[in-house]
file work_24.pdb (PDB, C-alpha atoms and all ligand atoms)
ATOM      1  CA  MET A  29     -30.598  37.708  15.266  1.00  0.00           C
ATOM      2  CA  ARG A  30     -28.622  39.174  18.131  1.00  0.00           C
ATOM      3  CA  LYS A  31     -30.842  39.031  21.230  1.00  0.00           C
ATOM      4  CA  PRO A  32     -30.538  42.216  23.328  1.00  0.00           C
ATOM      5  CA  LEU A  33     -28.443  41.581  26.437  1.00  0.00           C
ATOM      6  CA  ILE A  34     -28.559  43.691  29.592  1.00  0.00           C
ATOM      7  CA  VAL A  35     -25.850  42.840  32.119  1.00  0.00           C
ATOM      8  CA  ALA A  36     -25.662  44.184  35.669  1.00  0.00           C
ATOM      9  CA  ASN A  37     -22.126  44.469  37.045  1.00  0.00           C
ATOM     10  CA  TRP A  38     -22.566  45.001  40.769  1.00  0.00           C
ATOM     11  CA  LYS A  39     -18.801  45.228  41.341  1.00  0.00           C
ATOM     12  CA  MET A  40     -18.080  45.039  45.118  1.00  0.00           C
ATOM     13  CA  ASN A  41     -21.625  45.883  46.188  1.00  0.00           C
ATOM     14  CA  HIS A  42     -24.615  44.007  47.661  1.00  0.00           C
ATOM     15  CA  GLY A  43     -24.111  41.273  50.227  1.00  0.00           C
ATOM     16  CA  ILE A  44     -26.518  38.361  50.578  1.00  0.00           C
ATOM     17  CA  THR A  45     -29.304  40.315  52.302  1.00  0.00           C
ATOM     18  CA  GLN A  46     -29.472  43.031  49.643  1.00  0.00           C
ATOM     19  CA  THR A  47     -29.114  40.381  46.944  1.00  0.00           C
ATOM     20  CA  ALA A  48     -32.106  38.451  48.274  1.00  0.00           C
ATOM     21  CA  ASP A  49     -34.145  41.687  48.387  1.00  0.00           C
ATOM     22  CA  PHE A  50     -33.188  42.468  44.784  1.00  0.00           C
ATOM     23  CA  ILE A  51     -34.186  39.002  43.569  1.00  0.00           C
ATOM     24  CA  ARG A  52     -37.531  39.214  45.388  1.00  0.00           C
ATOM     25  CA  SER A  53     -38.224  42.522  43.638  1.00  0.00           C
ATOM     26  CA  THR A  54     -37.512  41.055  40.207  1.00  0.00           C
ATOM     27  CA  GLN A  55     -39.813  38.121  40.962  1.00  0.00           C
ATOM     28  CA  ALA A  56     -42.615  40.562  41.696  1.00  0.00           C
ATOM     29  CA  THR A  57     -42.402  42.005  38.181  1.00  0.00           C
ATOM     30  CA  GLN A  58     -42.688  40.666  34.647  1.00  0.00           C
ATOM     31  CA  LEU A  59     -39.303  40.796  32.892  1.00  0.00           C
ATOM     32  CA  PRO A  60     -39.357  41.054  29.091  1.00  0.00           C
ATOM     33  CA  THR A  61     -38.675  37.673  27.477  1.00  0.00           C
ATOM     34  CA  GLU A  62     -37.330  39.071  24.215  1.00  0.00           C
ATOM     35  CA  ARG A  63     -34.343  40.485  26.120  1.00  0.00           C
ATOM     36  CA  GLU A  64     -31.733  38.606  28.071  1.00  0.00           C
ATOM     37  CA  VAL A  65     -30.946  39.897  31.555  1.00  0.00           C
ATOM     38  CA  VAL A  66     -27.861  38.768  33.476  1.00  0.00           C
ATOM     39  CA  ILE A  67     -26.786  39.795  36.976  1.00  0.00           C
ATOM     40  CA  CYS A  68     -23.115  39.624  37.979  1.00  0.00           C
ATOM     41  CA  PRO A  69     -22.938  39.997  41.768  1.00  0.00           C
ATOM     42  CA  PRO A  70     -19.876  39.477  43.989  1.00  0.00           C
ATOM     43  CA  PHE A  71     -18.821  35.817  44.341  1.00  0.00           C
ATOM     44  CA  THR A  72     -20.344  35.635  47.839  1.00  0.00           C
ATOM     45  CA  SER A  73     -23.817  36.448  46.525  1.00  0.00           C
ATOM     46  CA  LEU A  74     -23.869  34.053  43.575  1.00  0.00           C
ATOM     47  CA  PHE A  75     -25.492  31.182  45.474  1.00  0.00           C
ATOM     48  CA  VAL A  76     -28.455  33.405  46.355  1.00  0.00           C
ATOM     49  CA  PHE A  77     -29.388  33.378  42.645  1.00  0.00           C
ATOM     50  CA  LYS A  78     -29.840  29.605  42.550  1.00  0.00           C
ATOM     51  CA  ASN A  79     -33.482  28.909  41.624  1.00  0.00           C
ATOM     52  CA  GLY A  80     -34.194  32.660  41.612  1.00  0.00           C
ATOM     53  CA  GLY A  81     -35.315  32.691  37.987  1.00  0.00           C
ATOM     54  CA  LEU A  82     -32.573  35.039  36.764  1.00  0.00           C
ATOM     55  CA  ASN A  83     -29.491  34.438  34.627  1.00  0.00           C
ATOM     56  CA  TYR A  84     -26.330  35.210  36.510  1.00  0.00           C
ATOM     57  CA  GLY A  85     -22.595  35.242  36.182  1.00  0.00           C
ATOM     58  CA  ALA A  86     -19.348  36.141  37.916  1.00  0.00           C
ATOM     59  CA  GLN A  87     -17.243  39.284  37.564  1.00  0.00           C
ATOM     60  CA  ASP A  88     -13.965  37.389  37.140  1.00  0.00           C
ATOM     61  CA  MET A  89     -12.427  33.945  37.631  1.00  0.00           C
ATOM     62  CA  HIS A  90      -9.118  32.101  37.441  1.00  0.00           C
ATOM     63  CA  TRP A  91      -8.291  30.077  34.324  1.00  0.00           C
ATOM     64  CA  GLU A  92      -7.100  26.979  36.193  1.00  0.00           C
ATOM     65  CA  GLU A  93      -9.447  24.147  37.106  1.00  0.00           C
ATOM     66  CA  LYS A  94      -8.246  23.922  40.733  1.00  0.00           C
ATOM     67  CA  GLY A  95      -5.105  24.091  42.814  1.00  0.00           C
ATOM     68  CA  ALA A  96      -2.951  26.242  45.049  1.00  0.00           C
ATOM     69  CA  PHE A  97      -4.231  29.691  44.026  1.00  0.00           C
ATOM     70  CA  THR A  98      -5.217  31.327  47.306  1.00  0.00           C
ATOM     71  CA  GLY A  99      -8.222  33.587  47.003  1.00  0.00           C
ATOM     72  CA  GLU A 100      -9.160  32.489  43.490  1.00  0.00           C
ATOM     73  CA  VAL A 101     -12.336  30.912  42.095  1.00  0.00           C
ATOM     74  CA  SER A 102     -12.299  28.414  39.218  1.00  0.00           C
ATOM     75  CA  PRO A 103     -14.543  28.132  36.152  1.00  0.00           C
ATOM     76  CA  ALA A 104     -15.761  24.722  37.344  1.00  0.00           C
ATOM     77  CA  MET A 105     -16.872  26.282  40.640  1.00  0.00           C
ATOM     78  CA  LEU A 106     -18.852  28.942  38.790  1.00  0.00           C
ATOM     79  CA  LYS A 107     -20.466  26.339  36.579  1.00  0.00           C
ATOM     80  CA  GLU A 108     -21.447  24.242  39.585  1.00  0.00           C
ATOM     81  CA  LEU A 109     -23.050  27.354  41.106  1.00  0.00           C
ATOM     82  CA  GLY A 110     -25.241  27.714  38.031  1.00  0.00           C
ATOM     83  CA  CYS A 111     -23.476  30.655  36.390  1.00  0.00           C
ATOM     84  CA  SER A 112     -23.938  31.013  32.656  1.00  0.00           C
ATOM     85  CA  TYR A 113     -21.756  34.103  32.093  1.00  0.00           C
ATOM     86  CA  VAL A 114     -18.478  35.520  33.358  1.00  0.00           C
ATOM     87  CA  ILE A 115     -17.083  39.017  32.895  1.00  0.00           C
ATOM     88  CA  ILE A 116     -13.455  38.888  31.768  1.00  0.00           C
ATOM     89  CA  GLY A 117     -10.885  41.688  31.600  1.00  0.00           C
ATOM     90  CA  HIS A 118     -12.939  44.477  33.116  1.00  0.00           C
ATOM     91  CA  SER A 119     -10.903  47.692  33.065  1.00  0.00           C
ATOM     92  CA  GLU A 120     -10.851  47.774  36.870  1.00  0.00           C
ATOM     93  CA  ARG A 121      -9.181  44.364  36.833  1.00  0.00           C
ATOM     94  CA  ARG A 122      -6.735  45.540  34.181  1.00  0.00           C
ATOM     95  CA  GLN A 123      -5.998  48.695  36.185  1.00  0.00           C
ATOM     96  CA  TYR A 124      -5.899  47.415  39.789  1.00  0.00           C
ATOM     97  CA  PHE A 125      -5.199  43.696  39.474  1.00  0.00           C
ATOM     98  CA  ALA A 126      -2.655  43.440  36.672  1.00  0.00           C
ATOM     99  CA  GLU A 127      -4.989  41.765  34.183  1.00  0.00           C
ATOM    100  CA  THR A 128      -3.266  41.562  30.784  1.00  0.00           C
ATOM    101  CA  THR A 129      -4.184  40.457  27.282  1.00  0.00           C
ATOM    102  CA  GLU A 130      -2.485  37.161  28.084  1.00  0.00           C
ATOM    103  CA  THR A 131      -4.530  36.484  31.228  1.00  0.00           C
ATOM    104  CA  VAL A 132      -7.678  37.572  29.391  1.00  0.00           C
ATOM    105  CA  GLN A 133      -6.915  35.045  26.647  1.00  0.00           C
ATOM    106  CA  LYS A 134      -6.427  32.234  29.174  1.00  0.00           C
ATOM    107  CA  LYS A 135      -9.617  33.108  31.027  1.00  0.00           C
ATOM    108  CA  VAL A 136     -11.664  33.299  27.823  1.00  0.00           C
ATOM    109  CA  ALA A 137     -10.448  29.845  26.773  1.00  0.00           C
ATOM    110  CA  ALA A 138     -11.212  28.437  30.244  1.00  0.00           C
ATOM    111  CA  ALA A 139     -14.687  29.984  30.241  1.00  0.00           C
ATOM    112  CA  LEU A 140     -15.536  28.421  26.872  1.00  0.00           C
ATOM    113  CA  ALA A 141     -14.198  25.055  27.999  1.00  0.00           C
ATOM    114  CA  HIS A 142     -16.747  25.176  30.832  1.00  0.00           C
ATOM    115  CA  GLN A 143     -19.676  26.441  28.732  1.00  0.00           C
ATOM    116  CA  LEU A 144     -19.575  29.841  30.388  1.00  0.00           C
ATOM    117  CA  THR A 145     -20.192  32.766  28.039  1.00  0.00           C
ATOM    118  CA  PRO A 146     -17.346  35.265  28.478  1.00  0.00           C
ATOM    119  CA  ILE A 147     -18.250  38.948  28.452  1.00  0.00           C
ATOM    120  CA  ILE A 148     -14.925  40.388  27.326  1.00  0.00           C
ATOM    121  CA  CYS A 149     -14.436  44.023  28.321  1.00  0.00           C
ATOM    122  CA  VAL A 150     -12.413  46.259  26.040  1.00  0.00           C
ATOM    123  CA  SER A 151     -11.770  49.974  26.018  1.00  0.00           C
ATOM    124  CA  GLU A 152      -9.747  50.123  22.801  1.00  0.00           C
ATOM    125  CA  LEU A 153      -9.808  48.434  19.446  1.00  0.00           C
ATOM    126  CA  ASP A 154      -6.394  46.790  19.907  1.00  0.00           C
ATOM    127  CA  GLN A 155      -7.755  44.840  22.887  1.00  0.00           C
ATOM    128  CA  VAL A 156     -10.169  43.160  20.458  1.00  0.00           C
ATOM    129  CA  GLN A 157      -7.469  42.537  17.877  1.00  0.00           C
ATOM    130  CA  GLY A 158      -5.508  40.395  20.347  1.00  0.00           C
ATOM    131  CA  LEU A 159      -8.391  37.936  20.625  1.00  0.00           C
ATOM    132  CA  GLU A 160     -10.161  35.504  18.357  1.00  0.00           C
ATOM    133  CA  ILE A 161     -13.794  36.426  18.939  1.00  0.00           C
ATOM    134  CA  THR A 162     -16.581  33.978  18.087  1.00  0.00           C
ATOM    135  CA  PRO A 163     -20.380  34.190  18.526  1.00  0.00           C
ATOM    136  CA  THR A 164     -20.124  32.194  21.776  1.00  0.00           C
ATOM    137  CA  MET A 165     -18.575  35.315  23.314  1.00  0.00           C
ATOM    138  CA  VAL A 166     -19.858  38.805  24.094  1.00  0.00           C
ATOM    139  CA  VAL A 167     -17.734  41.932  23.672  1.00  0.00           C
ATOM    140  CA  ALA A 168     -18.377  44.839  26.052  1.00  0.00           C
ATOM    141  CA  TYR A 169     -17.049  48.183  24.881  1.00  0.00           C
ATOM    142  CA  GLU A 170     -16.421  50.479  27.834  1.00  0.00           C
ATOM    143  CA  PRO A 171     -14.581  53.759  27.274  1.00  0.00           C
ATOM    144  CA  LEU A 172     -12.415  54.426  30.351  1.00  0.00           C
ATOM    145  CA  TRP A 173     -13.591  58.020  30.658  1.00  0.00           C
ATOM    146  CA  ALA A 174     -17.208  56.863  30.904  1.00  0.00           C
ATOM    147  CA  ILE A 175     -16.908  54.223  33.648  1.00  0.00           C
ATOM    148  CA  GLY A 176     -18.321  55.459  36.935  1.00  0.00           C
ATOM    149  CA  THR A 177     -18.009  59.096  35.886  1.00  0.00           C
ATOM    150  CA  GLY A 178     -21.596  59.917  34.987  1.00  0.00           C
ATOM    151  CA  LYS A 179     -20.400  60.736  31.447  1.00  0.00           C
ATOM    152  CA  THR A 180     -22.072  58.322  29.055  1.00  0.00           C
ATOM    153  CA  ALA A 181     -20.856  58.074  25.468  1.00  0.00           C
ATOM    154  CA  THR A 182     -23.342  59.653  23.098  1.00  0.00           C
ATOM    155  CA  PRO A 183     -25.302  57.124  21.037  1.00  0.00           C
ATOM    156  CA  GLU A 184     -23.287  58.260  17.990  1.00  0.00           C
ATOM    157  CA  GLN A 185     -19.943  57.753  19.752  1.00  0.00           C
ATOM    158  CA  ALA A 186     -20.985  54.303  20.936  1.00  0.00           C
ATOM    159  CA  GLN A 187     -22.264  53.337  17.485  1.00  0.00           C
ATOM    160  CA  ALA A 188     -19.039  54.486  15.770  1.00  0.00           C
ATOM    161  CA  MET A 189     -16.857  52.333  18.023  1.00  0.00           C
ATOM    162  CA  HIS A 190     -19.238  49.374  17.904  1.00  0.00           C
ATOM    163  CA  ALA A 191     -19.202  49.541  14.109  1.00  0.00           C
ATOM    164  CA  ASP A 192     -15.387  49.400  14.166  1.00  0.00           C
ATOM    165  CA  ILE A 193     -15.475  46.415  16.528  1.00  0.00           C
ATOM    166  CA  ARG A 194     -18.170  44.813  14.330  1.00  0.00           C
ATOM    167  CA  LYS A 195     -15.743  44.840  11.387  1.00  0.00           C
ATOM    168  CA  LEU A 196     -13.368  42.705  13.465  1.00  0.00           C
ATOM    169  CA  VAL A 197     -15.834  40.278  15.051  1.00  0.00           C
ATOM    170  CA  GLY A 198     -18.558  39.811  12.444  1.00  0.00           C
ATOM    171  CA  GLU A 199     -22.337  40.034  12.363  1.00  0.00           C
ATOM    172  CA  ASP A 200     -23.182  37.336  14.906  1.00  0.00           C
ATOM    173  CA  VAL A 201     -21.244  38.557  17.942  1.00  0.00           C
ATOM    174  CA  ARG A 202     -23.109  40.683  20.460  1.00  0.00           C
ATOM    175  CA  ILE A 203     -21.358  43.943  21.282  1.00  0.00           C
ATOM    176  CA  ILE A 204     -22.676  45.681  24.387  1.00  0.00           C
ATOM    177  CA  TYR A 205     -21.913  49.187  25.652  1.00  0.00           C
ATOM    178  CA  GLY A 206     -20.878  50.083  29.205  1.00  0.00           C
ATOM    179  CA  GLY A 207     -19.997  53.310  30.974  1.00  0.00           C
ATOM    180  CA  SER A 208     -22.434  55.341  33.116  1.00  0.00           C
ATOM    181  CA  VAL A 209     -25.524  53.871  31.466  1.00  0.00           C
ATOM    182  CA  ASN A 210     -28.744  54.771  33.277  1.00  0.00           C
ATOM    183  CA  ASP A 211     -32.475  54.650  32.681  1.00  0.00           C
ATOM    184  CA  GLN A 212     -32.338  57.984  30.854  1.00  0.00           C
ATOM    185  CA  THR A 213     -29.640  56.991  28.350  1.00  0.00           C
ATOM    186  CA  ALA A 214     -30.528  53.339  27.694  1.00  0.00           C
ATOM    187  CA  THR A 215     -33.166  53.859  25.004  1.00  0.00           C
ATOM    188  CA  ALA A 216     -31.068  55.995  22.660  1.00  0.00           C
ATOM    189  CA  LEU A 217     -28.039  53.723  23.051  1.00  0.00           C
ATOM    190  CA  MET A 218     -30.111  50.620  22.303  1.00  0.00           C
ATOM    191  CA  ALA A 219     -31.547  52.280  19.200  1.00  0.00           C
ATOM    192  CA  GLN A 220     -28.111  52.126  17.552  1.00  0.00           C
ATOM    193  CA  PRO A 221     -27.770  49.296  15.028  1.00  0.00           C
ATOM    194  CA  ASP A 222     -24.535  47.891  16.463  1.00  0.00           C
ATOM    195  CA  VAL A 223     -25.338  48.341  20.152  1.00  0.00           C
ATOM    196  CA  ASP A 224     -26.684  44.914  21.149  1.00  0.00           C
ATOM    197  CA  GLY A 225     -26.910  45.467  24.859  1.00  0.00           C
ATOM    198  CA  LEU A 226     -25.673  47.296  27.928  1.00  0.00           C
ATOM    199  CA  LEU A 227     -23.225  46.605  30.749  1.00  0.00           C
ATOM    200  CA  VAL A 228     -24.519  48.562  33.699  1.00  0.00           C
ATOM    201  CA  GLY A 229     -22.547  49.267  36.872  1.00  0.00           C
ATOM    202  CA  GLY A 230     -23.795  51.867  39.344  1.00  0.00           C
ATOM    203  CA  ALA A 231     -27.303  52.131  37.895  1.00  0.00           C
ATOM    204  CA  SER A 232     -27.869  48.366  38.253  1.00  0.00           C
ATOM    205  CA  LEU A 233     -27.712  48.458  42.055  1.00  0.00           C
ATOM    206  CA  ASP A 234     -31.094  50.076  42.488  1.00  0.00           C
ATOM    207  CA  ILE A 235     -33.881  47.763  41.369  1.00  0.00           C
ATOM    208  CA  LYS A 236     -36.216  50.532  40.131  1.00  0.00           C
ATOM    209  CA  THR A 237     -33.513  52.135  38.005  1.00  0.00           C
ATOM    210  CA  PHE A 238     -32.385  48.780  36.688  1.00  0.00           C
ATOM    211  CA  LEU A 239     -35.931  47.782  35.746  1.00  0.00           C
ATOM    212  CA  GLY A 240     -36.164  51.100  33.908  1.00  0.00           C
ATOM    213  CA  ILE A 241     -33.077  50.126  31.920  1.00  0.00           C
ATOM    214  CA  ILE A 242     -34.307  46.592  31.183  1.00  0.00           C
ATOM    215  CA  ASN A 243     -37.585  48.035  29.915  1.00  0.00           C
ATOM    216  CA  TYR A 244     -35.870  50.753  27.831  1.00  0.00           C
TER     217      TYR A 244
HETATM  218  P1  LIG B   1     -20.826  52.225  35.481  1.00  0.00           P
HETATM  219  O1  LIG B   1     -19.921  50.914  35.373  1.00  0.00           O
HETATM  220  O2  LIG B   1     -22.142  51.922  34.831  1.00  0.00           O
HETATM  221  O3  LIG B   1     -20.950  52.482  36.947  1.00  0.00           O
HETATM  222  O4  LIG B   1     -20.098  53.321  34.757  1.00  0.00           O
HETATM  223  C1  LIG B   1     -19.938  50.145  34.204  1.00  0.00           C
HETATM  224  C2  LIG B   1     -18.877  49.083  34.289  1.00  0.00           C
HETATM  225  O5  LIG B   1     -17.774  49.373  34.771  1.00  0.00           O
HETATM  226  O6  LIG B   1     -19.107  47.928  33.894  1.00  0.00           O
END

call {"tool": "encode", "arguments": {"input": "work_24.pdb", "output": "structure tokens"}}
result
Amino acid sequence: MRKPLIVANWKMNHGITQTADFIRSTQATQLPTEREVVICPPFTSLFVFKNGGLNYGAQDMHWEEKGAFTGEVSPAMLKELGCSYVIIGHSERRQYFAETTETVQKKVAAALAHQLTPIICVSELDQVQGLEITPTMVVAYEPLWAIGTGKTATPEQAQAMHADIRKLVGEDVRIIYGGSVNDQTATALMAQPDVDGLLVGGASLDIKTFLGIINY
């Protein structure tokens, strides 16, 4: 059974004050237990999640354990902070920060070595083909034209691509959809047999909207 997985990608939004407010709001409500919810805030807000009752992860990391890599954060540091997930190879990192298939591969291996579940973002099938995907990983399909544009893939479009990815990764790997998901589109997307979850950017910043998505 692939447990539904809803991941919030806050990108470069929400400092510690807004993060604390968000966590307080989630504590005031009953989250569904049959679904997994993960928040990926900026690095600076990760510590606020400690003992907050939510699963959390980072939006990126370096593959090295430690060393002279100014500005970088290591997998061991994320683990020590209590992270259980890490987003790897988001299209914004590929586009603006020179992330390549090779760096994605190194980061995925480093994440697994530290018991962090990598959420590997892909926008095309060949980005999946370059990787050996196992059930300890999550694949996030995000069409470039849908990210931050307000244009969500139709449930049929998402299902077609997820089915193609499924052929490559097998029945046990969770494949989640991302790209302008909101509380209006979540239900129909999640009704698709190969859509196992959602990666939500903009619509995850507002607690009411995000709760609407979690409770699709
Ligand atoms: P969006 O972002 O929901 O704002 O389109 C999704 C993502 O980039 O992960």

call {"tool": "resolve_selection", "arguments": {"input": "work_24.pdb", "expression": "the PyMOL selection byres (((chain A and resi 178) around 10) and not hetatm)", "output": "list in words"}}
result
Trp173, Ala174, Ile175, Gly176, Thr177, Lys179, Thr180, Ala181, Gly207, Ser208, Val209, Asn210 and Gly230 of chain A

call {"tool": "resolve_selection", "arguments": {"input": "work_24.pdb", "expression": "the PyMOL selection byres (((chain A and resi 50-63) around 8) and not hetatm)", "output": "ChimeraX atom specification"}}
result
/A:31-34,46-49,64-65,77,80-81,235,242-243

call {"tool": "atom_distance", "arguments": {"input": "work_24.pdb", "atom1": "CA of Ile115 in chain A", "atom2": "CA of Asp88 in chain A"}}
result
5.5 Å

call {"tool": "resolve_selection", "arguments": {"input": "work_24.pdb", "expression": "the PyMOL selection byres (((chain A and resi 190) around 12) and not hetatm)", "output": "count of residues only"}}
result
41

call {"tool": "residues_around", "arguments": {"input": "work_24.pdb", "residues": "Gln212 in chain A", "least_positions_apart": "6", "cutoff": "10 Å", "atoms": "all atoms listed in the file", "output": "list in words"}}
result
Thr237, Gly240, Ile241 and Tyr244 of chain A

call {"tool": "write_last_selection", "arguments": {"input": "work_24.pdb", "atoms": "C-alpha atoms", "output": "PDB file, in the coordinates of the input"}}
result
ATOM      1  CA  THR A 237     -33.513  52.135  38.005  1.00  0.00           C
ATOM      2  CA  GLY A 240     -36.164  51.100  33.908  1.00  0.00           C
ATOM      3  CA  ILE A 241     -33.077  50.126  31.920  1.00  0.00           C
ATOM      4  CA  TYR A 244     -35.870  50.753  27.831  1.00  0.00           C
TER       5      TYR A 244
END

call {"tool": "atom_distance", "arguments": {"input": "work_24.pdb", "atom1": "atom O4 of ligand LIG 1 (chain B)", "atom2": "CA of Lys39 in chain A"}}
result
10.5 Å

call {"tool": "atom_distance", "arguments": {"input": "work_24.pdb", "atom1": "CA of Glu92 in chain A", "atom2": "CA of Thr145 in chain A"}}
result
16.5 Å

call {"tool": "closest_residue", "arguments": {"input": "work_24.pdb", "among": "A:Glu160, A:Glu100, A:Glu108, A:Asp234", "to": "Ala137 in chain A", "atoms": "all atoms listed in the file"}}
result
A:Glu160

call {"tool": "closest_residue", "arguments": {"input": "work_24.pdb", "among": "A:Leu227, A:Leu233, A:Ala219, A:Met89", "to": "ligand LIG 1 (chain B)", "atoms": "all atoms listed in the file"}}
result
A:Leu227
